[in-house]
$ cat work32.txt   # compact mmCIF, C-alpha atoms and all ligand atoms
# COMPACT_ATOMS: atom_id res chain seq x y z
CA MET A 1242 -20.21 -9.10 10.01
CA THR A 1243 -22.54 -7.31 12.37
CA ALA A 1244 -23.53 -9.42 15.34
CA PRO A 1245 -27.15 -10.51 15.06
CA ASP A 1246 -29.44 -8.84 17.51
CA PRO A 1247 -30.37 -11.60 19.98
CA ASN A 1248 -33.76 -10.02 20.51
CA ALA A 1249 -34.58 -10.58 16.87
CA TYR A 1250 -34.72 -14.32 17.50
CA SER A 1251 -36.17 -14.57 20.98
CA LEU A 1252 -39.35 -16.50 20.52
CA ASP A 1253 -42.43 -16.39 22.66
CA ILE A 1254 -43.75 -19.77 23.74
CA ASN A 1255 -47.19 -18.19 24.24
CA ASP A 1256 -47.36 -17.08 20.63
CA PRO A 1257 -48.93 -19.94 18.61
CA GLU A 1258 -46.65 -19.45 15.59
CA ASP A 1259 -43.52 -19.28 17.76
CA ALA A 1260 -44.63 -22.28 19.80
CA GLU A 1261 -45.10 -24.26 16.60
CA LEU A 1262 -41.56 -23.45 15.49
CA ILE A 1263 -40.03 -24.28 18.85
CA GLU A 1264 -41.88 -27.58 18.95
CA TYR A 1265 -40.80 -28.41 15.41
CA PHE A 1266 -37.16 -27.69 16.16
CA LEU A 1267 -37.19 -29.75 19.34
CA GLY A 1268 -38.83 -32.58 17.38
CA GLU A 1269 -36.02 -32.51 14.80
CA LEU A 1270 -33.19 -32.10 17.26
CA PRO A 1271 -32.71 -35.76 18.35
CA ASP A 1272 -32.15 -36.73 14.70
CA ARG A 1273 -29.54 -34.00 14.30
CA VAL A 1274 -27.75 -35.00 17.46
CA GLN A 1275 -27.69 -38.57 16.21
CA ALA A 1276 -26.36 -37.43 12.84
CA ILE A 1277 -23.61 -35.38 14.51
CA ALA A 1278 -22.58 -38.34 16.67
CA THR A 1279 -22.49 -40.63 13.64
CA ALA A 1280 -20.45 -38.15 11.61
CA VAL A 1281 -17.89 -37.79 14.40
CA SER A 1282 -17.53 -41.51 15.03
CA SER A 1283 -17.03 -42.18 11.32
CA ASN A 1284 -14.72 -39.15 10.87
CA ASP A 1285 -17.07 -37.75 8.23
CA ILE A 1286 -15.92 -34.14 8.37
CA ASP A 1287 -17.94 -32.99 5.35
CA GLU A 1288 -21.15 -34.24 6.89
CA LEU A 1289 -20.30 -32.66 10.25
CA LYS A 1290 -19.65 -29.38 8.51
CA ARG A 1291 -22.95 -29.56 6.64
CA ILE A 1292 -24.98 -30.23 9.79
CA THR A 1293 -23.29 -27.56 11.89
CA HIS A 1294 -23.61 -25.08 9.03
CA GLN A 1295 -27.36 -25.70 8.85
CA LEU A 1296 -27.78 -25.49 12.62
CA LYS A 1297 -25.82 -22.25 12.72
CA GLY A 1298 -28.19 -20.70 10.18
CA ALA A 1299 -31.43 -22.19 11.48
CA ALA A 1300 -31.30 -22.56 15.28
CA PRO A 1301 -31.49 -18.83 16.13
CA GLY A 1302 -34.65 -18.46 14.08
CA PHE A 1303 -36.30 -21.23 16.08
CA GLY A 1304 -35.38 -19.57 19.37
CA PHE A 1305 -32.13 -21.43 20.09
CA PRO A 1306 -29.31 -18.94 19.50
CA ALA A 1307 -26.95 -20.82 21.86
CA ILE A 1308 -27.14 -23.93 19.66
CA GLY A 1309 -26.57 -21.72 16.65
CA SER A 1310 -23.39 -20.18 17.97
CA ALA A 1311 -22.00 -23.49 19.31
CA ALA A 1312 -22.60 -25.05 15.89
CA GLY A 1313 -21.09 -22.00 14.20
CA GLU A 1314 -17.89 -22.33 16.22
CA ILE A 1315 -17.48 -25.94 15.15
CA GLU A 1316 -18.15 -25.05 11.53
CA GLY A 1317 -15.52 -22.32 11.75
CA GLN A 1318 -12.97 -24.70 13.22
CA ILE A 1319 -13.60 -27.23 10.49
CA ARG A 1320 -13.05 -24.49 7.92
CA ASP A 1321 -9.70 -23.67 9.54
CA LEU A 1322 -8.62 -27.30 9.76
CA ASP A 1323 -5.55 -28.38 7.88
CA GLU A 1324 -6.94 -30.25 4.90
CA THR A 1325 -4.61 -33.15 5.48
CA VAL A 1326 -6.09 -33.76 8.91
CA GLU A 1327 -8.81 -36.28 8.40
CA SER A 1328 -9.84 -36.80 11.95
CA CYS A 1329 -12.46 -35.11 14.09
CA ASP A 1330 -10.23 -35.47 17.18
CA SER A 1331 -9.24 -31.82 17.44
CA ILE A 1332 -12.85 -30.68 17.64
CA ARG A 1333 -14.24 -33.57 19.65
CA ALA A 1334 -14.53 -31.46 22.82
CA GLN A 1335 -16.61 -28.78 21.09
CA VAL A 1336 -18.79 -31.40 19.44
CA ASP A 1337 -19.44 -33.05 22.79
CA GLY A 1338 -20.34 -29.62 24.16
CA LEU A 1339 -22.82 -29.06 21.33
CA ILE A 1340 -24.36 -32.48 21.82
CA SER A 1341 -24.88 -31.99 25.56
CA LEU A 1342 -26.27 -28.51 24.94
CA CYS A 1343 -28.81 -30.02 22.56
CA GLN A 1344 -29.57 -32.82 25.04
CA SER A 1345 -30.30 -30.23 27.72
CA TYR A 1346 -33.11 -28.87 25.54
CA ILE A 1347 -34.38 -32.29 24.49
CA SER A 1348 -34.68 -33.60 28.09
CA PRO A 1349 -34.38 -30.57 30.40
CA SER A 1350 -34.83 -32.55 33.64
CA SER A 1351 -31.81 -34.86 33.29
CA MET B 784 -55.70 -13.59 -26.22
CA ALA B 785 -57.62 -12.22 -23.26
CA ASP B 786 -56.06 -14.74 -20.92
CA GLU B 787 -52.57 -13.64 -21.90
CA ILE B 788 -53.14 -9.95 -21.49
CA ASN B 789 -55.33 -9.52 -18.46
CA ASN B 790 -54.43 -11.77 -15.55
CA SER B 791 -51.17 -12.24 -13.61
CA PHE B 792 -51.26 -9.03 -11.63
CA ASP B 793 -54.04 -9.66 -9.12
CA SER B 794 -53.31 -13.28 -8.20
CA THR B 795 -51.22 -14.23 -5.17
CA PRO B 796 -47.56 -14.19 -6.20
CA VAL B 797 -45.79 -17.54 -6.07
CA VAL B 798 -42.40 -17.56 -4.33
CA LEU B 799 -40.11 -20.56 -4.81
CA LEU B 800 -37.70 -21.47 -2.00
CA ILE B 801 -34.73 -23.66 -2.99
CA ASP B 802 -32.83 -24.83 0.09
CA ASP B 803 -31.45 -28.18 1.24
CA SER B 804 -32.30 -27.48 4.89
CA LYS B 805 -35.83 -28.35 5.93
CA PHE B 806 -35.40 -25.97 8.87
CA VAL B 807 -35.28 -23.10 6.41
CA HIS B 808 -38.43 -24.31 4.62
CA ARG B 809 -40.17 -24.57 7.93
CA ILE B 810 -39.17 -21.19 9.31
CA LEU B 811 -39.84 -19.25 6.12
CA GLY B 812 -43.16 -21.07 5.73
CA ALA B 813 -44.15 -19.76 9.16
CA ARG B 814 -42.56 -16.32 8.94
CA LEU B 815 -43.80 -15.43 5.47
CA ARG B 816 -47.32 -16.66 6.17
CA SER B 817 -48.50 -13.12 6.90
CA GLU B 818 -47.27 -11.92 3.48
CA SER B 819 -49.76 -12.40 0.70
CA ILE B 820 -47.64 -14.91 -1.16
CA SER B 821 -47.85 -18.58 -1.96
CA LEU B 822 -44.60 -20.27 -0.92
CA ILE B 823 -43.51 -23.42 -2.72
CA GLY B 824 -40.27 -25.28 -2.08
CA GLU B 825 -37.65 -27.65 -3.47
CA PRO B 826 -34.70 -29.24 -1.60
CA ASP B 827 -32.01 -28.96 -4.29
CA GLY B 828 -30.85 -26.94 -7.27
CA LYS B 829 -31.92 -29.34 -9.99
CA ALA B 830 -35.46 -29.82 -8.68
CA GLY B 831 -35.64 -26.08 -8.00
CA TYR B 832 -34.71 -25.18 -11.56
CA GLU B 833 -37.26 -27.63 -12.97
CA ARG B 834 -39.94 -26.25 -10.67
CA ALA B 835 -39.10 -22.70 -11.74
CA VAL B 836 -39.52 -23.65 -15.40
CA ALA B 837 -42.83 -25.38 -14.71
CA ASP B 838 -44.42 -22.98 -12.19
CA GLN B 839 -42.93 -19.64 -13.28
CA PRO B 840 -42.74 -18.14 -9.77
CA GLU B 841 -42.59 -14.36 -9.30
CA LEU B 842 -39.55 -14.67 -7.04
CA ILE B 843 -36.96 -17.29 -6.12
CA LEU B 844 -35.22 -17.53 -2.74
CA LEU B 845 -32.06 -19.50 -3.36
CA ASP B 846 -29.70 -21.06 -0.83
CA LEU B 847 -26.01 -20.85 -1.77
CA ASP B 848 -24.73 -23.78 0.27
CA MET B 849 -26.27 -26.92 -1.10
CA PRO B 850 -24.67 -30.29 -1.88
CA VAL B 851 -24.34 -31.54 -5.49
CA MET B 852 -25.57 -28.46 -7.37
CA ASP B 853 -24.81 -25.40 -5.25
CA GLY B 854 -26.55 -22.04 -5.37
CA TYR B 855 -24.06 -20.47 -7.76
CA GLU B 856 -24.49 -23.27 -10.27
CA THR B 857 -28.28 -23.12 -9.87
CA LEU B 858 -28.24 -19.36 -10.38
CA ARG B 859 -26.16 -19.78 -13.54
CA VAL B 860 -28.60 -22.33 -14.95
CA LEU B 861 -31.61 -20.15 -14.06
CA LYS B 862 -30.06 -17.12 -15.75
CA GLU B 863 -29.05 -19.01 -18.89
CA ASP B 864 -32.54 -20.31 -19.63
CA PRO B 865 -34.86 -17.76 -21.27
CA LYS B 866 -37.78 -19.42 -19.47
CA THR B 867 -36.38 -18.53 -16.05
CA ARG B 868 -33.96 -15.70 -16.83
CA ASP B 869 -36.29 -12.87 -15.84
CA ILE B 870 -37.40 -14.32 -12.50
CA PRO B 871 -35.71 -12.29 -9.73
CA VAL B 872 -33.56 -14.31 -7.33
CA ILE B 873 -32.74 -13.43 -3.73
CA VAL B 874 -29.73 -15.38 -2.51
CA LEU B 875 -29.82 -16.77 1.04
CA SER B 876 -26.48 -17.52 2.57
CA GLY B 877 -24.95 -18.52 5.86
CA MET B 878 -21.69 -17.03 4.62
CA ASP B 879 -21.46 -13.29 4.87
CA SER B 880 -18.36 -12.62 2.82
CA SER B 881 -18.41 -9.76 0.37
CA GLN B 882 -16.86 -12.11 -2.16
CA ASP B 883 -20.01 -14.25 -2.05
CA LYS B 884 -22.19 -11.20 -2.45
CA VAL B 885 -20.24 -9.89 -5.41
CA MET B 886 -20.34 -13.27 -7.12
CA ALA B 887 -24.08 -13.65 -6.49
CA PHE B 888 -24.82 -10.18 -7.88
CA ASP B 889 -22.53 -10.83 -10.86
CA LEU B 890 -24.51 -13.96 -11.64
CA GLY B 891 -27.74 -11.96 -11.64
CA ALA B 892 -29.13 -12.13 -8.10
CA VAL B 893 -31.23 -9.08 -7.18
CA ASP B 894 -30.60 -9.27 -3.46
CA PHE B 895 -28.69 -11.11 -0.76
CA VAL B 896 -29.92 -12.13 2.69
CA THR B 897 -27.74 -13.61 5.42
CA LYS B 898 -28.72 -16.47 7.69
CA PRO B 899 -29.80 -16.48 10.45
CA PHE B 900 -32.56 -14.31 9.10
CA GLU B 901 -33.41 -10.95 10.49
CA LEU B 902 -37.13 -11.36 9.87
CA THR B 903 -38.24 -7.78 9.34
CA GLU B 904 -35.41 -7.33 6.88
CA LEU B 905 -36.21 -10.54 5.01
CA ARG B 906 -39.87 -9.62 4.71
CA ALA B 907 -39.00 -6.15 3.46
CA ARG B 908 -36.62 -7.55 0.84
CA VAL B 909 -39.16 -10.10 -0.36
CA ARG B 910 -41.80 -7.39 -0.60
CA SER B 911 -39.60 -4.99 -2.51
CA SER B 912 -38.44 -7.66 -4.98
CA LEU B 913 -42.02 -8.67 -5.63
CA LYS B 914 -43.03 -5.08 -6.21
CA MET B 915 -40.16 -4.63 -8.65
CA SER B 916 -40.98 -7.85 -10.48
CA THR B 917 -44.63 -6.86 -10.84
CA LEU B 918 -43.63 -3.49 -12.28
CA LEU B 919 -41.19 -5.10 -14.70
CA ARG B 920 -43.84 -7.55 -15.87
CA MET B 921 -46.29 -4.73 -16.39
CA LEU B 922 -43.71 -2.82 -18.40
CA ALA B 923 -42.87 -5.86 -20.52
CA GLN B 924 -46.58 -6.43 -21.09
CA LYS B 925 -47.11 -2.78 -21.93
CA ALA B 926 -44.34 -2.87 -24.49
CA LYS B 927 -46.41 -5.42 -26.42
CA ILE B 928 -49.75 -3.65 -26.21
CA ASP B 929 -51.17 -0.87 -28.34
CA GLY B 930 -52.48 1.81 -26.01
CA LEU B 931 -55.60 2.87 -27.88
CA SER B 932 -56.97 -0.49 -28.99
CA GLY B 933 -55.70 -2.71 -26.17
CA LEU B 934 -54.64 -5.23 -28.84
CA TYR B 935 -51.07 -6.34 -29.42
CA ASN B 936 -48.91 -3.79 -31.23
CA ARG B 937 -47.06 -4.02 -34.51
CA ALA B 938 -43.71 -4.97 -32.97
CA TYR B 939 -45.30 -7.89 -31.16
CA PHE B 940 -47.07 -8.94 -34.36
CA ASP B 941 -43.77 -9.22 -36.23
CA GLU B 942 -42.35 -11.37 -33.46
CA ARG B 943 -45.36 -13.68 -33.14
CA LEU B 944 -45.83 -13.99 -36.89
CA GLN B 945 -42.44 -15.62 -37.25
CA GLU B 946 -43.08 -17.91 -34.27
CA GLU B 947 -46.49 -19.06 -35.44
CA TYR B 948 -45.23 -19.48 -39.01
CA ASP B 949 -42.36 -21.67 -37.79
CA ARG B 950 -44.71 -23.68 -35.61
CA ALA B 951 -47.19 -24.27 -38.45
CA ILE B 952 -44.40 -25.50 -40.72
CA ARG B 953 -42.84 -27.70 -38.04
CA HIS B 954 -46.07 -29.43 -37.05
CA GLY B 955 -47.85 -29.29 -40.42
CA HIS B 956 -50.70 -27.32 -38.84
CA SER B 957 -53.11 -25.10 -40.68
CA MET B 958 -52.77 -21.34 -40.16
CA SER B 959 -54.39 -18.19 -41.50
CA ILE B 960 -53.68 -14.49 -41.56
CA ALA B 961 -56.26 -11.71 -41.96
CA MET B 962 -55.68 -8.05 -42.75
CA ILE B 963 -58.60 -5.89 -41.61
CA ASP B 964 -59.10 -2.27 -42.62
CA LEU B 965 -61.90 0.11 -41.66
CA ASP B 966 -63.81 1.46 -44.66
CA GLU B 967 -63.53 5.19 -45.30
CA PHE B 968 -62.26 5.84 -41.81
CA LYS B 969 -60.76 9.19 -42.74
CA SER B 970 -64.23 10.65 -43.24
CA ILE B 971 -65.13 9.77 -39.63
CA ASN B 972 -62.16 11.72 -38.33
CA ASP B 973 -62.87 14.59 -40.73
CA THR B 974 -66.59 14.77 -40.03
CA TYR B 975 -66.90 13.90 -36.34
CA GLY B 976 -63.43 14.69 -35.04
CA HIS B 977 -60.52 12.60 -33.83
CA PRO B 978 -62.04 11.62 -30.46
CA ALA B 979 -64.91 10.00 -32.38
CA GLY B 980 -62.34 8.27 -34.58
CA ASP B 981 -60.51 6.97 -31.52
CA MET B 982 -63.75 5.57 -30.15
CA VAL B 983 -64.28 3.72 -33.41
CA ILE B 984 -60.79 2.22 -33.26
CA SER B 985 -61.24 0.99 -29.70
CA GLY B 986 -64.84 -0.13 -30.30
CA ILE B 987 -63.91 -2.22 -33.34
CA ALA B 988 -60.87 -3.58 -31.46
CA SER B 989 -63.08 -4.82 -28.66
CA VAL B 990 -65.36 -6.64 -31.12
CA ILE B 991 -62.28 -8.27 -32.67
CA GLN B 992 -61.06 -9.20 -29.20
CA GLN B 993 -64.43 -10.73 -28.27
CA GLU B 994 -64.75 -12.75 -31.47
CA CYS B 995 -61.20 -14.09 -31.39
CA ARG B 996 -60.43 -17.32 -29.58
CA SER B 997 -57.65 -17.59 -27.02
CA ILE B 998 -55.20 -19.00 -29.61
CA ASP B 999 -55.67 -16.07 -32.01
CA VAL B 1000 -53.27 -13.15 -31.98
CA ALA B 1001 -55.07 -9.87 -32.69
CA CYS B 1002 -52.91 -6.82 -33.35
CA ARG B 1003 -53.28 -3.22 -34.41
CA TYR B 1004 -51.18 -3.06 -37.54
CA GLY B 1005 -51.26 0.69 -38.08
CA GLY B 1006 -53.77 3.59 -38.09
CA GLU B 1007 -57.12 1.93 -38.88
CA GLU B 1008 -55.65 -1.40 -39.89
CA PHE B 1009 -55.69 -4.61 -37.84
CA VAL B 1010 -54.12 -7.99 -38.42
CA LEU B 1011 -55.03 -11.42 -37.06
CA ILE B 1012 -52.84 -14.48 -36.83
CA MET B 1013 -55.06 -17.54 -36.53
CA PRO B 1014 -52.97 -20.60 -35.66
CA GLU B 1015 -54.41 -24.05 -36.40
CA THR B 1016 -57.12 -22.45 -38.50
CA ASN B 1017 -57.71 -23.27 -42.17
CA PRO B 1018 -58.83 -20.52 -44.59
CA GLU B 1019 -62.51 -21.57 -44.48
CA GLN B 1020 -62.57 -21.33 -40.68
CA ALA B 1021 -60.69 -18.04 -40.80
CA PHE B 1022 -63.20 -16.76 -43.34
CA THR B 1023 -66.10 -17.64 -41.00
CA LEU B 1024 -64.45 -15.91 -38.05
CA CYS B 1025 -63.65 -12.76 -40.02
CA ASN B 1026 -67.09 -12.61 -41.58
CA ARG B 1027 -68.61 -12.72 -38.11
CA ILE B 1028 -66.41 -9.76 -37.10
CA ARG B 1029 -67.45 -7.93 -40.28
CA GLU B 1030 -71.18 -8.51 -39.60
CA ARG B 1031 -71.00 -7.47 -35.96
CA CYS B 1032 -69.08 -4.29 -36.72
CA ALA B 1033 -71.52 -3.26 -39.48
CA GLN B 1034 -74.39 -3.62 -36.99
CA MET B 1035 -72.80 -1.58 -34.21
CA SER B 1036 -74.35 1.74 -33.30
CA TRP B 1037 -72.15 4.68 -32.45
CA SER B 1038 -73.27 7.34 -30.00
CA GLN B 1039 -71.32 10.14 -31.69
CA HIS B 1040 -72.57 9.35 -35.19
CA PRO B 1041 -75.73 7.24 -34.94
CA ASN B 1042 -76.41 7.52 -38.65
CA ARG B 1043 -72.96 6.62 -39.81
CA ALA B 1044 -72.21 2.91 -39.62
CA VAL B 1045 -68.63 1.66 -39.61
CA THR B 1046 -67.82 -1.18 -41.94
CA LEU B 1047 -64.62 -3.02 -42.62
CA SER B 1048 -62.97 -4.99 -45.38
CA VAL B 1049 -60.92 -8.12 -44.79
CA GLY B 1050 -58.32 -10.05 -46.78
CA VAL B 1051 -57.71 -13.60 -45.58
CA VAL B 1052 -54.99 -15.98 -46.72
CA GLY B 1053 -54.64 -19.39 -45.11
CA ALA B 1054 -52.86 -22.73 -45.42
CA ASP B 1055 -54.44 -26.13 -44.75
CA ASP B 1056 -51.12 -27.78 -44.08
CA GLY B 1057 -48.16 -25.81 -42.78
CA SER B 1058 -45.64 -28.30 -44.14
CA THR B 1059 -46.54 -27.29 -47.71
CA ILE B 1060 -45.95 -23.56 -47.15
CA SER B 1061 -43.26 -22.23 -49.47
CA CYS B 1062 -43.63 -18.44 -49.15
CA THR B 1063 -42.08 -16.26 -46.47
CA PRO B 1064 -44.24 -14.86 -43.66
CA GLN B 1065 -43.80 -11.39 -45.20
CA ALA B 1066 -45.08 -12.61 -48.58
CA TRP B 1067 -48.02 -14.19 -46.78
CA VAL B 1068 -48.94 -10.86 -45.22
CA GLU B 1069 -48.60 -9.18 -48.64
CA MET B 1070 -51.01 -11.73 -50.16
CA SER B 1071 -53.51 -10.98 -47.39
CA ASP B 1072 -53.07 -7.31 -48.16
CA ARG B 1073 -53.83 -7.97 -51.85
CA ASN B 1074 -57.07 -9.73 -50.89
CA LEU B 1075 -57.90 -6.75 -48.70
CA TYR B 1076 -57.27 -4.46 -51.67
CA GLN B 1077 -59.57 -6.64 -53.79
CA ALA B 1078 -62.25 -6.37 -51.12
CA LYS B 1079 -61.95 -2.58 -51.16
CA GLN B 1080 -61.96 -2.42 -54.97
CA SER B 1081 -65.03 -4.58 -55.29
CA GLY B 1082 -67.19 -2.46 -53.02
CA ARG B 1083 -65.93 -2.68 -49.36
CA ASN B 1084 -67.68 -4.28 -46.34
CA ARG B 1085 -66.62 -7.73 -47.44
CA VAL B 1086 -64.22 -10.59 -46.77
CA ILE B 1087 -62.11 -12.15 -49.48
CA ALA B 1088 -60.31 -15.36 -48.61
CA SER B 1089 -57.90 -17.49 -50.54
CA SER B 1090 -55.48 -20.28 -50.01
CA VAL B 1091 -51.78 -19.56 -49.68
CA ASP B 1092 -51.17 -21.49 -52.92
CA GLY B 1093 -53.33 -18.91 -54.72
CA THR B 1094 -56.65 -20.76 -54.92
CA SER B 1095 -59.54 -18.42 -54.33
CA ILE B 1096 -61.85 -19.73 -51.62
CA GLN B 1097 -64.70 -17.50 -50.63
CA VAL B 1098 -66.04 -14.02 -50.92
CA ALA B 1099 -68.62 -12.58 -48.55
CA LYS B 1100 -70.32 -9.32 -49.35
CA ALA B 1101 -72.42 -6.90 -47.45
CA GLY B 1102 -76.13 -7.61 -47.05
MG MG C 1 -27.88 -25.02 2.64
$ encode --input "work32.txt" --output "structure tokens" --more "lines below"
Ligand SMILES: [Mg+2]
Amino acid sequence: MTAPDPNAYSLDINDPEDAELIEYFLGELPDRVQAIATAVSSNDIDELKRITHQLKGAAPGFGFPAIGSAAGEIEGQIRDLDETVESCDSIRAQVDGLISLCQSYISPSS
Amino acid sequence: MADEINNSFDSTPVVLLIDDSKFVHRILGARLRSESISLIGEPDGKAGYERAVADQPELILLDLDMPVMDGYETLRVLKEDPKTRDIPVIVLSGMDSSQDKVMAFDLGAVDFVTKPFELTELRARVRSSLKMSTLLRMLAQKAKIDGLSGLYNRAYFDERLQEEYDRAIRHGHSMSIAMIDLDEFKSINDTYGHPAGDMVISGIASVIQQECRSIDVACRYGGEEFVLIMPETNPEQAFTLCNRIRERCAQMSWSQHPNRAVTLSVGVVGADDGSTISCTPQAWVEMSDRNLYQAKQSGRNRVIASSVDGTSIQVAKAG
């Protein structure tokens, strides 16, 4: 796979269409973070995979390539997981990293 | 028939997006806004398929990774149904394996786009698929149309005849068929030349087109012969319609031969109740042809109508 050109996704906050997309994504993000946290605490690996898969595909287009690649790494790890392992423990650190990355965009000051 | 032939090429193309992620709906909604398309969306395969059947979009953008009914399954269903089979599908996928691509193309996808989207590429692929689908539609449409008259051609007539015949029988509807033939057309070609003859064919065809209602199927049957299928029309109504065509044509003036009027003869055969029809569609056409022959034999420029059970109904003569 060719690495996506990061410039293709860099959005311009001064462009009205870009600003609208950024705002939309930020508006949706708290729900996603909540859903990720819930999936991890209930060991729902399928749900975690679904959310990270969607974030991987969508976040770069909204101007958040870092969220996209963090989510993509988790998705990849889930794919590689031994199917008998039914716990999110082995990926908890990465998930926490993704959550705090998202938090840093949601409330930049804290 | 006009509505079926003319439109569909100038209107804004409808593109259907089937994806379980609302992020994708949002971003494509924004990023394809500058394209002259109308984007509609559904969140899953089942709803997407139903929407495709109902709205007949020009193009479908289909996500592969969806819960319940995934993109492969959706693609299979779309390609199995004649109502959606010809709609081009671009597959959108977060997985970039060549295995996925091969499978998508095998199932009938026209193109494959990887998420996250490279926007210029996505737009270009959407544009080129739309262009291709418009050309294919035009070709399919052209294959049904007779070039000179602009009416449906003989091949399309054969196809529609069977369909309308089956429908009339199934629902017990009335239906009529008319064979129309120009009187002494050969002498127009011989006296004024073939271009004049062609103008007569297309001129008469446009009168037929104008007089027919949207449910009628008007076709050029051969040289100077036309045929009408008139669904949900009893023989009396068909007679009235055909007699109006006959009168209008006889009154037309022709720039290349102002002193030579063009008249036509018509044989109509109709059924009041499709459930009582016992002949084949081919026999029905032959009966119409016999009435046409009668009209010619008894002096031309007239309409002879009868019922499919053989009862003579009406004869209209010139003047
Ligand atoms: Mg998906």
$ closest_atom_pairs --input "work32.txt" --of "chain B" --to "ligand MG 1 (chain C)" --cutoff "12 Å" --atoms "all atoms listed in the file" --output "JSON lines"
{"residue": "B:Leu800", "atom": "CA", "partner": "C:MG1", "partner_atom": "MG", "distance": 11.4}
{"residue": "B:Ile801", "atom": "CA", "partner": "C:MG1", "partner_atom": "MG", "distance": 9.0}
{"residue": "B:Asp802", "atom": "CA", "partner": "C:MG1", "partner_atom": "MG", "distance": 5.6}
{"residue": "B:Asp803", "atom": "CA", "partner": "C:MG1", "partner_atom": "MG", "distance": 5.0}
{"residue": "B:Ser804", "atom": "CA", "partner": "C:MG1", "partner_atom": "MG", "distance": 5.5}
{"residue": "B:Lys805", "atom": "CA", "partner": "C:MG1", "partner_atom": "MG", "distance": 9.2}
{"residue": "B:Phe806", "atom": "CA", "partner": "C:MG1", "partner_atom": "MG", "distance": 9.8}
{"residue": "B:Val807", "atom": "CA", "partner": "C:MG1", "partner_atom": "MG", "distance": 8.5}
{"residue": "B:His808", "atom": "CA", "partner": "C:MG1", "partner_atom": "MG", "distance": 10.8}
{"residue": "B:Glu825", "atom": "CA", "partner": "C:MG1", "partner_atom": "MG", "distance": 11.8}
{"residue": "B:Pro826", "atom": "CA", "partner": "C:MG1", "partner_atom": "MG", "distance": 9.1}
{"residue": "B:Asp827", "atom": "CA", "partner": "C:MG1", "partner_atom": "MG", "distance": 9.0}
{"residue": "B:Gly828", "atom": "CA", "partner": "C:MG1", "partner_atom": "MG", "distance": 10.5}
{"residue": "B:Leu844", "atom": "CA", "partner": "C:MG1", "partner_atom": "MG", "distance": 11.8}
{"residue": "B:Leu845", "atom": "CA", "partner": "C:MG1", "partner_atom": "MG", "distance": 9.2}
{"residue": "B:Asp846", "atom": "CA", "partner": "C:MG1", "partner_atom": "MG", "distance": 5.6}
{"residue": "B:Leu847", "atom": "CA", "partner": "C:MG1", "partner_atom": "MG", "distance": 6.4}
{"residue": "B:Asp848", "atom": "CA", "partner": "C:MG1", "partner_atom": "MG", "distance": 4.1}
{"residue": "B:Met849", "atom": "CA", "partner": "C:MG1", "partner_atom": "MG", "distance": 4.5}
{"residue": "B:Pro850", "atom": "CA", "partner": "C:MG1", "partner_atom": "MG", "distance": 7.6}
{"residue": "B:Val851", "atom": "CA", "partner": "C:MG1", "partner_atom": "MG", "distance": 11.0}
{"residue": "B:Met852", "atom": "CA", "partner": "C:MG1", "partner_atom": "MG", "distance": 10.8}
{"residue": "B:Asp853", "atom": "CA", "partner": "C:MG1", "partner_atom": "MG", "distance": 8.5}
{"residue": "B:Gly854", "atom": "CA", "partner": "C:MG1", "partner_atom": "MG", "distance": 8.6}
{"residue": "B:Tyr855", "atom": "CA", "partner": "C:MG1", "partner_atom": "MG", "distance": 12.0}
{"residue": "B:Val874", "atom": "CA", "partner": "C:MG1", "partner_atom": "MG", "distance": 11.1}
{"residue": "B:Leu875", "atom": "CA", "partner": "C:MG1", "partner_atom": "MG", "distance": 8.6}
{"residue": "B:Ser876", "atom": "CA", "partner": "C:MG1", "partner_atom": "MG", "distance": 7.6}
{"residue": "B:Gly877", "atom": "CA", "partner": "C:MG1", "partner_atom": "MG", "distance": 7.8}
{"residue": "B:Met878", "atom": "CA", "partner": "C:MG1", "partner_atom": "MG", "distance": 10.3}
{"residue": "B:Thr897", "atom": "CA", "partner": "C:MG1", "partner_atom": "MG", "distance": 11.7}
{"residue": "B:Lys898", "atom": "CA", "partner": "C:MG1", "partner_atom": "MG", "distance": 10.0}
{"residue": "B:Pro899", "atom": "CA", "partner": "C:MG1", "partner_atom": "MG", "distance": 11.7}
$ atom_distance --input "work32.txt" --atom1 "atom CA of His977 of chain B" --atom2 "atom CA of Glu1008 of chain B"
16.0 Å
$ closest_residue --input "work32.txt" --among "B:Met958, B:Val1086, B:Ile810, B:Val1051" --to "chain A" --atoms "all atoms listed in the file"
B:Ile810
$ atom_distance --input "work32.txt" --atom1 "atom CA of Gln1020 of chain B" --atom2 "atom CA of Ile963 of chain B"
16.0 Å
$ atom_distance --input "work32.txt" --atom1 "atom CA of Ala961 of chain B" --atom2 "atom CA of Asp999 of chain B"
10.9 Å
$ closest_residue --input "work32.txt" --among "A:Asp1321, A:Asp1330, A:Asp1259, A:Asp1285" --to "chain B" --atoms "all atoms listed in the file"
A:Asp1259
$ closest_residue --input "work32.txt" --among "B:Ser957, B:Gln1039, B:Asn936, B:Ser1089" --to "Met1013 of chain B" --atoms "all atoms listed in the file"
B:Ser957
$ residues_around --input "work32.txt" --residues "Ala1088 of chain B" --least-positions-apart "6" --cutoff "12 Å" --atoms "only C-alpha atoms" --output "PyMOL selection string"
chain B and resi 959-963+1017-1026+1048-1054+1070-1078+1094-1100
$ residues_near_point --input "work32.txt" --point "(-13.9, -23.9, 9.6)" --cutoff "12 Å" --atoms "all atoms listed in the file" --output "list in words"
Ile1286, Asp1287, Leu1289, Lys1290, Arg1291, Thr1293, His1294, Ala1312, Gly1313, Glu1314, Ile1315, Glu1316, Gly1317, Gln1318, Ile1319, Arg1320, Asp1321, Leu1322, Asp1323, Glu1324 and Ile1332 of chain A; Met878 of chain B
